[in-house]
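Contents: one structure, followed by commentary.
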Amino acid sequence: MEISFPLEISGAASEGSRTCRKKRRESEIQQQAGSRDEETLQLKETYSSLHQEVDIKDKKLKKLFSKLQAVKAEIQDIQEGHIKERQESVHTQNELTRDLKLRNVIIENFMPLEEQNKILHRAFCDEEDESLKMKAISRTNE
């Protein structure tokens with residue numbers, strides 16, 4: 001036994017399935033459009049955040065560059081200070097050397113050799129003060 005549907009019923013069912021497919025297709029298109037809109041928004045947000053990131057990094061770079069310049073200036077000042085101290089030390093050393101030579105010339109030319117030897121025998125080094133000192137003169141030989 002074969003059941004046959006009248007044309008009107010099968011046509012209505014066919015039309016209903018077409019409508020259903022059409023609605024499904026429309027909803028898919030709307031979903032795709034919605035996902036495209038979301039992607040577009042994400043790209044805009046990324047672009048906006050990239051601008052913000054660039055701005056923040058630019059500010060940080062400027063701040064670090066100014067710190068670098070300050071450190072370079074400080075290094076330059078310290079180097080100049082060391083150069084000045086070294087020049088002063090060289091100048092002081094030259095003055096002390098000149099003074100020592102003058103004293104040696106005076107001692108050699110104006111002090112008898114016997115007196116020089118007496119002074120050398122009385123001289124001693126005090127290790128606590130790290131200085132040269134003289135022993136007291138003993139009057140027992142007179």
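We name chains A, B, ... following the order of the structure tokens; residues begin at 1 in each chain, and ligands are numbered from 1 as shown.
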Which of stretch 51-132 of chain A DSSP labels strand (DSSP E or B), written as a list in words: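 Taking stretch 51-132 of chain A and keeping strand (DSSP E or B) gives Ala123, Phe124, Cys125, Asp126, Ser131 and Leu132 of chain A.
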Dump of N, CA, C and O atoms for the selected residues, as a short mmCIF file (atom, residue, chain, number, x, y, z; two decimals), in the first residue's frame:
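Result went into out-v6.cif, see below:
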data_model
loop_
_atom_site.label_atom_id
_atom_site.label_comp_id
_atom_site.auth_asym_id
_atom_site.auth_seq_id
_atom_site.Cartn_x
_atom_site.Cartn_y
_atom_site.Cartn_z
N ALA A 123 118.30 60.08 63.91
CA ALA A 123 116.99 59.96 63.24
C ALA A 123 116.46 58.53 63.34
O ALA A 123 117.21 57.57 63.25
N PHE A 124 115.15 58.43 63.55
CA PHE A 124 114.48 57.11 63.56
C PHE A 124 113.05 57.28 63.03
O PHE A 124 112.49 58.36 63.03
N CYS A 125 112.50 56.16 62.62
CA CYS A 125 111.15 56.18 62.04
C CYS A 125 110.15 55.72 63.09
O CYS A 125 110.30 54.63 63.65
N ASP A 126 109.16 56.54 63.38
CA ASP A 126 108.07 56.18 64.30
C ASP A 126 106.97 55.54 63.46
O ASP A 126 106.30 56.20 62.68
N SER A 131 106.22 58.67 60.76
CA SER A 131 107.00 59.89 60.54
C SER A 131 108.44 59.67 61.01
O SER A 131 108.74 58.72 61.73
N LEU A 132 109.31 60.54 60.57
CA LEU A 132 110.71 60.50 60.95
C LEU A 132 110.90 61.41 62.15
O LEU A 132 110.49 62.57 62.14
#
Pick out the residues sitting within 12 Å of A:Ile137, and hand them over as a PyMOL selection string; count only C-alpha atoms, and ignore anything fewer than 5 positions along from it in its own chain. chain A and resi 118-119+121-123+142
Expected file: the selected residues, N, CA and C atoms, as a compact mmCIF listing (two decimals), in the first residue's frame:
# COMPACT_ATOMS: atom_id res chain seq x y z
N LYS A 118 125.88 62.89 62.53
CA LYS A 118 125.25 62.91 63.86
C LYS A 118 123.73 62.92 63.72
N ILE A 119 123.24 63.73 62.82
CA ILE A 119 121.79 63.84 62.61
C ILE A 119 121.24 62.52 62.07
N HIS A 121 122.41 59.55 62.61
CA HIS A 121 122.40 58.54 63.68
C HIS A 121 121.28 58.78 64.68
N ARG A 122 120.86 60.04 64.86
CA ARG A 122 119.78 60.35 65.81
C ARG A 122 118.39 60.12 65.21
N ALA A 123 118.30 60.08 63.91
CA ALA A 123 116.99 59.96 63.24
C ALA A 123 116.46 58.53 63.34
N GLU A 142 130.18 65.56 76.75
CA GLU A 142 130.78 66.89 76.89
C GLU A 142 131.51 67.01 78.13
